[in-house]
Structures are given as structure tokens and as C-alpha cells.
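Structure, as C-alpha cells:
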Amino acid sequence: MPWTNYPNGISVTTQTGSVSGMINATTITLTSNTATAAGTITAGTVSATGLVTSTLTIGSATQIVGAYSYIPVYFGTASALEQLAVYPGYAGSLDLVNHTVSATSALVANYTVQIGSAGAIAVATVANTTSSVGVVQELTTTATTFAATNAIVAIRSAQGTAGSTVLTLVIRRTA
């Protein structure tokens with residue numbers, strides 16, 4: 001079935017599609033084995049399944065210097081390696097990383113959080129030890145600064161059981 005635009009939306013059921021303009025969504029789910037999202041995505045939730053490199057730009061012109069904010073990074077339910085990148089859109093310091101198992105108890109994986117694909121490491125391949133649904137665990141974090149153009153890259157290793165997990169990045173604007 002080709003693309004449709006009835007009554008007020010677009011439905012894509014083909015293998016390949018191209019969209020120009022703006023896509024508004026409260027949830028974007030990437031379910032291919034490999035996908036790259038480039039540019040700016042503004043969404044309530046970005047979830048990914050499989051080995052996916054997703055990019056989410058947060059930027060806020062009203063965020064004042066010294067203020068803290070948090071960025072939730074949602075990993076999909078697949079047990080495979082996942083890598084997600086977020087762009088805060090301003091210079092700052094990544095001060096804390098928390099982990100939460102959001103579904104299915106007993107999920108344990110190694111997490112690495114770094115600036116860019118090869119930059120300073122804030123979380124150096126740390127495994128979560130609390131694996132109960134809804135329990136927040138603080139991962140060992142080294143405060144790490146980043147420039148306005150830097151991405152913060154979060155990586156979850158393959159985990160033995162399929163289930164979703166969340167990292168919460170606590171950042172402070174410095175410029």
C-alpha cells in the first residue's frame with residue numbers, strides 16, 4: 001500500500017519513504033536493525049530497538065547558567081547492544097547518571113556514557129546492580145564537561161533478558 005494522507009495524517013507502509021517538513025510526534029519508535037536519525041527530533045519519547053544510533057536535541061534558550069536539568073534516555077526492550085546520543089544544545093557538565101529498570105525485573109547490563117563517540121568518559125562501563133522494576137540506582141559518574149556542539153552518548157551492552165531500561169542524565173548548564 002502506498003503513502004496515504006487521509007484524513008489528516010500520513011501513513012507509511014512501504015520499505016522506503018522520504019518526508020520533508022516537520023513531523024510532530026509524542027512517540028517515535030525505530031525498530032529496524034540499524035537506523036540513523038539525523039538533524040533535530042523533538043519528541044516526548046524516543047525509543048529504539050536493535051543496534052540503533054538515535055539523536056535527540058534538547059536545547060533551551062531559556063535555561064539559565066547554573067541550572068540543572070535532566071534528560072531521560074530510554075533503551076528499547078531488545079537485549080542487543082544499543083547506543084543513543086543526545087545533544088543538550090548548550091555547554092554544560094554531566095554531573096550524575098541514574099539507572100532505572102522500567103519493565104521486567106532482573107535486567108543487568110553494562111553502561112557507558114561519554115562525550116561524543118570517543119570523548120571524555122563520565123560512566124566507565126558500569127553494571128547496574130539493582131535490577132528491580134522502578135528502583136533508581138546511581139551509577140558511578142565522573143563529572144564531565146561538554147561544549148554546546150557535543151553529543152552525550154549513552155551505550156547499553158547486550159543484556160541477558162529482553163526488557164526496557166532508562167538512564168537519567170543530570171546536567172548543569174555552564175555557559
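Identifiers in the C-alpha cells: chain A, B, ... in order shown; residue index from 1 per chain; ligand index from 1 in order shown.
Taking only C-alpha atoms, the non-local environment of Val170 in chain A within 8 Å (same-chain residues fewer than 4 positions away omitted) comprises A:Tyr68, A:Ser69, A:Tyr70, A:Ile71, A:Leu94, A:Asp95, A:Leu96, A:Val97.
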Next item on the list: Go through A:Thr161, A:Ser79, A:Thr149, A:Gln137 and flag the residue nearest Ala106 in chain A, using only C-alpha atoms for the distances.
Entry: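 With only C-alpha atoms as the atom set, the closest residue is A:Thr161.
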Margin query: Just to confirm, what's the straight-line distance from CA of Ser157 in chain A to CA of Tyr90 in chain A in Å (one decimal)?
Written below: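 Separation between CA of Ser157 in chain A and CA of Tyr90 in chain A: 27.8 Å.
Closest approach to Thr145 in chain A among A:Phe75, A:Asn110, A:Thr104, A:Ala122 is made by A:Ala122 (distances from only C-alpha atoms).
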Next item on the list: Find, counting only C-alpha atoms, the residue in A:Ser131, A:Thr144, A:Ser102, A:Thr112 that gets nearest to Gly76 in chain A.
Entry: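 Among A:Ser131, A:Thr144, A:Ser102, A:Thr112, it is A:Ser102 that comes nearest to Gly76 in chain A.
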Notebook entry, point to check: So how far away is CA of Gly163 in chain A from CA of Tyr74 in chain A, in Å?
Noted result: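 Result for CA of Tyr74 in chain A versus CA of Gly163 in chain A: 11.0 Å, one decimal.
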